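In what follows, a single structure is set out as structure tokens and then discussed.
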Amino acid sequence: MTLFDPDTYLWFMVAAMTAVSLLLLFVGRHTRRRWLRWLCLMLALAGWGVFFYGTFLGIRGLEVRQVEFVSADLPEAFDGYRIVQFSDVHTGSYNGWRKPLLREVVDSINSQKADLIVFTGDIQNKVPDEIIAYGRPLRHLRAKDGICSVRGNHDYAAYSGRDDFNKTVDIGRTYSEQIEMGWHLLNNSHYRIRRDSAAIYIAGMENDGEGRFPQLGDIRSALSGLNRQSFVIMLEHDPTSWRRRILPHSHCQLTLSGHTHGGQFSLFGLSPVMVNYSESAGMYYAGDRALYVSTGVGGVVPFRVGVKPEIVVITLKKKK
């Protein structure tokens with residue numbers, strides 16, 4: 001599968017909206033019922049209103065969401081520890097007039113003065129050239145304990161349309177770009193954070209999706225050397241891995257994911273993405289373990305209605 005550029009998708013939407021509007025106006029003009037004429041006109045206007053709102057306003061208004069995770073397993077030294085999660089940047093979509101929006105995301109993250117920043121995948125749409133061209137603001141992210149990240153399905157060059165050799169080269173370049181930014185890219189590995197004699201662990205699996213998505217996650221490697229008394233936060237791009245693999249095959253207390261974008265469109269709290277994902281946005285619990293699915297900050301198609309881009313400030317609390 002080869003993806004188009006973000007603005008190409010918007011032009012597709014314009015073409016579709018034009019066709020639907022002409023059909024509605026044709027029906028309205030050839031009906032004798034006045035109420036149906038007005039209904040067709042209002043539907044056409046409403047459709048264009050949704051399009052313009054989602055394209056120019058909906059992708060703005062970054063939300064800073066505050067959540068707490070309480071666990072008896074958390075070491076006392078980490079009570080009040082603050083983590084900022086962001087996901088699904090899709091740097092290739094921050095072209096043209098949208099460039100300043102990524103700087104706003106970075107400024108908002110840095111203003112939280114978090115102990116740790118984590119990124120849960122999809123730094124690009126197709127190729128690492130996007131990171132170089134539009135992702136420079138990401139180099140200015142700062143946190144006391146650094147930045148940990150994992151790869152999402154878009155970070156394996158699967159949508160570039162290139163041959164296997166160039167895909168392999170691109171995967172390496174995507175990896176290198178994050179390392180050059182000073183990020184800890186966790187490819188089925190973990191990262192230790194210490195406070196005096198206590199420690200917590202940030203583990204990261206490669207993308208572990210379903211169906212057509214890459215299934216490269218290795219939970220045993222990610223948790224190698226850790227015992228069941230360790231407090232572990234798992235980063236995994238695809239939330240379907242939580243019930244399939246993380247819950248039954250690990251003790252990770254908290255999992256952070258993205259991938260769904262919350263559907264990017266929601267009406268009365270309902271989104272089409274809910275058909276395929278039982279956990280599509282927000283916090284979910286299984287006993288004393290939890291999953292948070294971020295709606296992300298970007299998308300291949302720069303369009304959002306009813307689903308704001310978000311960063312998530314997670315405060316860890318010791319259960320007394």
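In the structure tokens, the first chain shown is A, the next is B, and so on; residue numbers restart at 1 for each chain, and ligands run from 1 in the order shown.
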### Task
Name the residues of stretch 18-73 of chain A that come out as helix (DSSP H, G or I) in a backbone DSSP run; write them as a ChimeraX atom specification.
/A:18-29,34-57
Next, the residues of the selection above should be written as a short mmCIF file (atom, residue, chain, number, x, y, z; two decimals), in the first residue's frame with N, CA and C atoms.
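Printed below is out-v9.cif as written:
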```
data_model
loop_
_atom_site.label_atom_id
_atom_site.label_comp_id
_atom_site.auth_asym_id
_atom_site.auth_seq_id
_atom_site.Cartn_x
_atom_site.Cartn_y
_atom_site.Cartn_z
N THR A 18 -17.92 17.83 -3.33
CA THR A 18 -18.52 18.50 -4.48
C THR A 18 -19.55 17.60 -5.14
N ALA A 19 -19.17 16.33 -5.33
CA ALA A 19 -20.09 15.39 -5.98
C ALA A 19 -21.36 15.20 -5.14
N VAL A 20 -21.21 15.03 -3.85
CA VAL A 20 -22.37 14.84 -2.97
C VAL A 20 -23.25 16.09 -2.95
N SER A 21 -22.62 17.26 -2.91
CA SER A 21 -23.38 18.51 -2.87
C SER A 21 -24.18 18.70 -4.15
N LEU A 22 -23.56 18.40 -5.30
CA LEU A 22 -24.29 18.53 -6.57
C LEU A 22 -25.47 17.57 -6.63
N LEU A 23 -25.28 16.36 -6.10
CA LEU A 23 -26.38 15.39 -6.07
C LEU A 23 -27.52 15.90 -5.19
N LEU A 24 -27.18 16.43 -4.01
CA LEU A 24 -28.21 16.95 -3.11
C LEU A 24 -28.96 18.11 -3.73
N LEU A 25 -28.23 19.02 -4.38
CA LEU A 25 -28.87 20.17 -5.02
C LEU A 25 -29.75 19.73 -6.18
N PHE A 26 -29.31 18.70 -6.90
CA PHE A 26 -30.14 18.18 -8.01
C PHE A 26 -31.44 17.61 -7.47
N VAL A 27 -31.34 16.81 -6.40
CA VAL A 27 -32.55 16.23 -5.80
C VAL A 27 -33.47 17.32 -5.29
N GLY A 28 -32.88 18.32 -4.61
CA GLY A 28 -33.68 19.40 -4.06
C GLY A 28 -34.39 20.21 -5.13
N ARG A 29 -33.72 20.40 -6.24
CA ARG A 29 -34.30 21.23 -7.31
C ARG A 29 -35.44 20.52 -8.01
N ARG A 34 -41.17 21.37 -0.45
CA ARG A 34 -40.30 22.47 -0.03
C ARG A 34 -39.36 22.07 1.09
N TRP A 35 -39.90 21.26 2.05
CA TRP A 35 -39.06 20.86 3.19
C TRP A 35 -37.88 20.02 2.72
N LEU A 36 -38.06 19.20 1.66
CA LEU A 36 -36.97 18.39 1.15
C LEU A 36 -35.92 19.25 0.44
N ARG A 37 -36.38 20.30 -0.23
CA ARG A 37 -35.43 21.23 -0.86
C ARG A 37 -34.52 21.85 0.19
N TRP A 38 -35.16 22.32 1.28
CA TRP A 38 -34.37 22.94 2.35
C TRP A 38 -33.45 21.92 3.03
N LEU A 39 -33.95 20.70 3.19
CA LEU A 39 -33.13 19.67 3.81
C LEU A 39 -31.89 19.37 2.97
N CYS A 40 -32.06 19.25 1.67
CA CYS A 40 -30.93 18.98 0.78
C CYS A 40 -29.92 20.13 0.84
N LEU A 41 -30.43 21.36 0.84
CA LEU A 41 -29.53 22.52 0.91
C LEU A 41 -28.77 22.54 2.23
N MET A 42 -29.47 22.28 3.33
CA MET A 42 -28.83 22.30 4.65
C MET A 42 -27.80 21.18 4.80
N LEU A 43 -28.09 20.00 4.24
CA LEU A 43 -27.13 18.91 4.30
C LEU A 43 -25.87 19.25 3.53
N ALA A 44 -26.02 19.88 2.36
CA ALA A 44 -24.86 20.27 1.57
C ALA A 44 -24.01 21.30 2.32
N LEU A 45 -24.67 22.30 2.90
CA LEU A 45 -23.94 23.33 3.65
C LEU A 45 -23.28 22.74 4.90
N ALA A 46 -23.99 21.82 5.57
CA ALA A 46 -23.43 21.20 6.77
C ALA A 46 -22.19 20.38 6.43
N GLY A 47 -22.23 19.67 5.32
CA GLY A 47 -21.08 18.88 4.91
C GLY A 47 -19.85 19.74 4.68
N TRP A 48 -20.04 20.86 3.98
CA TRP A 48 -18.90 21.76 3.75
C TRP A 48 -18.44 22.40 5.05
N GLY A 49 -19.38 22.67 5.95
CA GLY A 49 -19.00 23.24 7.24
C GLY A 49 -18.12 22.29 8.03
N VAL A 50 -18.49 21.00 8.04
CA VAL A 50 -17.69 19.99 8.74
C VAL A 50 -16.31 19.88 8.10
N PHE A 51 -16.27 19.90 6.77
CA PHE A 51 -14.98 19.80 6.09
C PHE A 51 -14.05 20.95 6.46
N PHE A 52 -14.53 22.17 6.38
CA PHE A 52 -13.68 23.33 6.67
C PHE A 52 -13.30 23.38 8.14
N TYR A 53 -14.24 23.01 9.02
CA TYR A 53 -13.91 22.99 10.44
C TYR A 53 -12.80 21.96 10.72
N GLY A 54 -12.99 20.75 10.22
CA GLY A 54 -12.02 19.68 10.49
C GLY A 54 -10.66 19.96 9.91
N THR A 55 -10.62 20.64 8.75
CA THR A 55 -9.36 20.90 8.06
C THR A 55 -8.59 22.06 8.66
N PHE A 56 -9.28 23.12 9.07
CA PHE A 56 -8.60 24.34 9.50
C PHE A 56 -8.69 24.63 11.00
N LEU A 57 -9.69 24.10 11.67
CA LEU A 57 -9.85 24.36 13.10
C LEU A 57 -9.69 23.11 13.95
#
```
### Task
Using DSSP on the backbone coordinates, identify all residues within stretch 12-127 of chain A classified as strand (DSSP E); present the result as a PyMOL selection string.
chain A and resi 63-71+82-86+116-119
Any chance you could tabulate, as JSON lines, the residues of stretch 196-291 of chain A at most 10 Å from stretch 77-93 of chain A with each one's nearest atom pair and distance in Å to one decimal, using only C-alpha atoms, in chain and rising number order?
```
{"residue": "A:Asp196", "atom": "CA", "partner": "A:Ala77", "partner_atom": "CA", "distance": 7.9}
{"residue": "A:Ser197", "atom": "CA", "partner": "A:Ala77", "partner_atom": "CA", "distance": 8.8}
{"residue": "A:Ala198", "atom": "CA", "partner": "A:Ala77", "partner_atom": "CA", "distance": 6.6}
{"residue": "A:Ala199", "atom": "CA", "partner": "A:Phe78", "partner_atom": "CA", "distance": 8.2}
{"residue": "A:Ile200", "atom": "CA", "partner": "A:Phe78", "partner_atom": "CA", "distance": 8.1}
{"residue": "A:Leu235", "atom": "CA", "partner": "A:Gln85", "partner_atom": "CA", "distance": 9.8}
{"residue": "A:His237", "atom": "CA", "partner": "A:Ser87", "partner_atom": "CA", "distance": 8.3}
{"residue": "A:Leu256", "atom": "CA", "partner": "A:Gln85", "partner_atom": "CA", "distance": 7.9}
{"residue": "A:Ser257", "atom": "CA", "partner": "A:Ser87", "partner_atom": "CA", "distance": 7.8}
{"residue": "A:Gly258", "atom": "CA", "partner": "A:Ser87", "partner_atom": "CA", "distance": 5.7}
{"residue": "A:His259", "atom": "CA", "partner": "A:Asp88", "partner_atom": "CA", "distance": 6.6}
{"residue": "A:Thr260", "atom": "CA", "partner": "A:Asp88", "partner_atom": "CA", "distance": 8.9}
{"residue": "A:His261", "atom": "CA", "partner": "A:Asp88", "partner_atom": "CA", "distance": 7.4}
```
### Message
Applying 9 Å and only C-alpha atoms, which residues near stretch 280-288 of chain A remain after dropping the ones on its own chain fewer than 2 positions away? List them as number ranges by chain.
### Response
A: 67, 70-72, 239, 247, 253, 258-263, 273-274, 276-278, 290-295
Each residue of stretch 86-187 of chain A lying at most 9 Å from stretch 207-216 of chain A should get a row with its shortest atom-to-atom pair and the distance in Å to one decimal, counting only C-alpha atoms; could you produce that, ordered by chain and increasing number, as JSON lines?
```
{"residue": "A:Gly121", "atom": "CA", "partner": "A:Asn207", "partner_atom": "CA", "distance": 8.4}
{"residue": "A:Val150", "atom": "CA", "partner": "A:Asn207", "partner_atom": "CA", "distance": 7.8}
{"residue": "A:Arg151", "atom": "CA", "partner": "A:Asn207", "partner_atom": "CA", "distance": 6.1}
{"residue": "A:Gly152", "atom": "CA", "partner": "A:Asn207", "partner_atom": "CA", "distance": 5.4}
{"residue": "A:Asn153", "atom": "CA", "partner": "A:Pro214", "partner_atom": "CA", "distance": 6.1}
{"residue": "A:Tyr156", "atom": "CA", "partner": "A:Pro214", "partner_atom": "CA", "distance": 8.3}
{"residue": "A:Ala158", "atom": "CA", "partner": "A:Pro214", "partner_atom": "CA", "distance": 9.0}
```
### Query
If you count only C-alpha atoms, which residues fall within 12 Å of A:Gly58, apart from same-chain ones fewer than 6 positions away, as a list in words?
Gly49, Val50, Phe51, Phe52, Leu101, Gln264, Phe265, Ser266, Val297, Gly298, Val301, Pro302, Phe303, Arg304, Val305, Gly306, Val307, Lys308, Pro309 and Glu310 of chain A
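All residues of protein, DNA or RNA that reach within 12 Å of A:His249, judged by only C-alpha atoms and not counting those fewer than 4 positions away in the chain, are A:Asp218, A:Ile219, A:Arg220, A:Ala222, A:Leu223, A:Arg228, A:Ser241, A:Trp242, A:Arg243, A:Arg244, A:Arg245.
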### Query
For A:Phe231, which residue out of A:Thr2, A:Ser271, A:Thr255, A:Gln112 is the nearest one, using only C-alpha atoms?
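The answer is A:Thr255, which sits nearest to A:Phe231.
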## Note on the structure
Of A:Leu141, A:Cys148, A:Val106, A:Leu116, the one nearest to A:Leu316 when counting only C-alpha atoms is A:Leu116
### Query
A:Tyr159: which residues within 9 Å, counting only C-alpha atoms, same-chain residues fewer than 4 positions away excluded, as an MDAnalysis selection string?
chainID A and resid 1:3 125:127 154
### Task
May I ask which of the residues A:Arg289, A:Arg65, A:Arg60, A:Lys113 is the closest one to A:Arg98, counting only C-alpha atoms?
A:Arg60
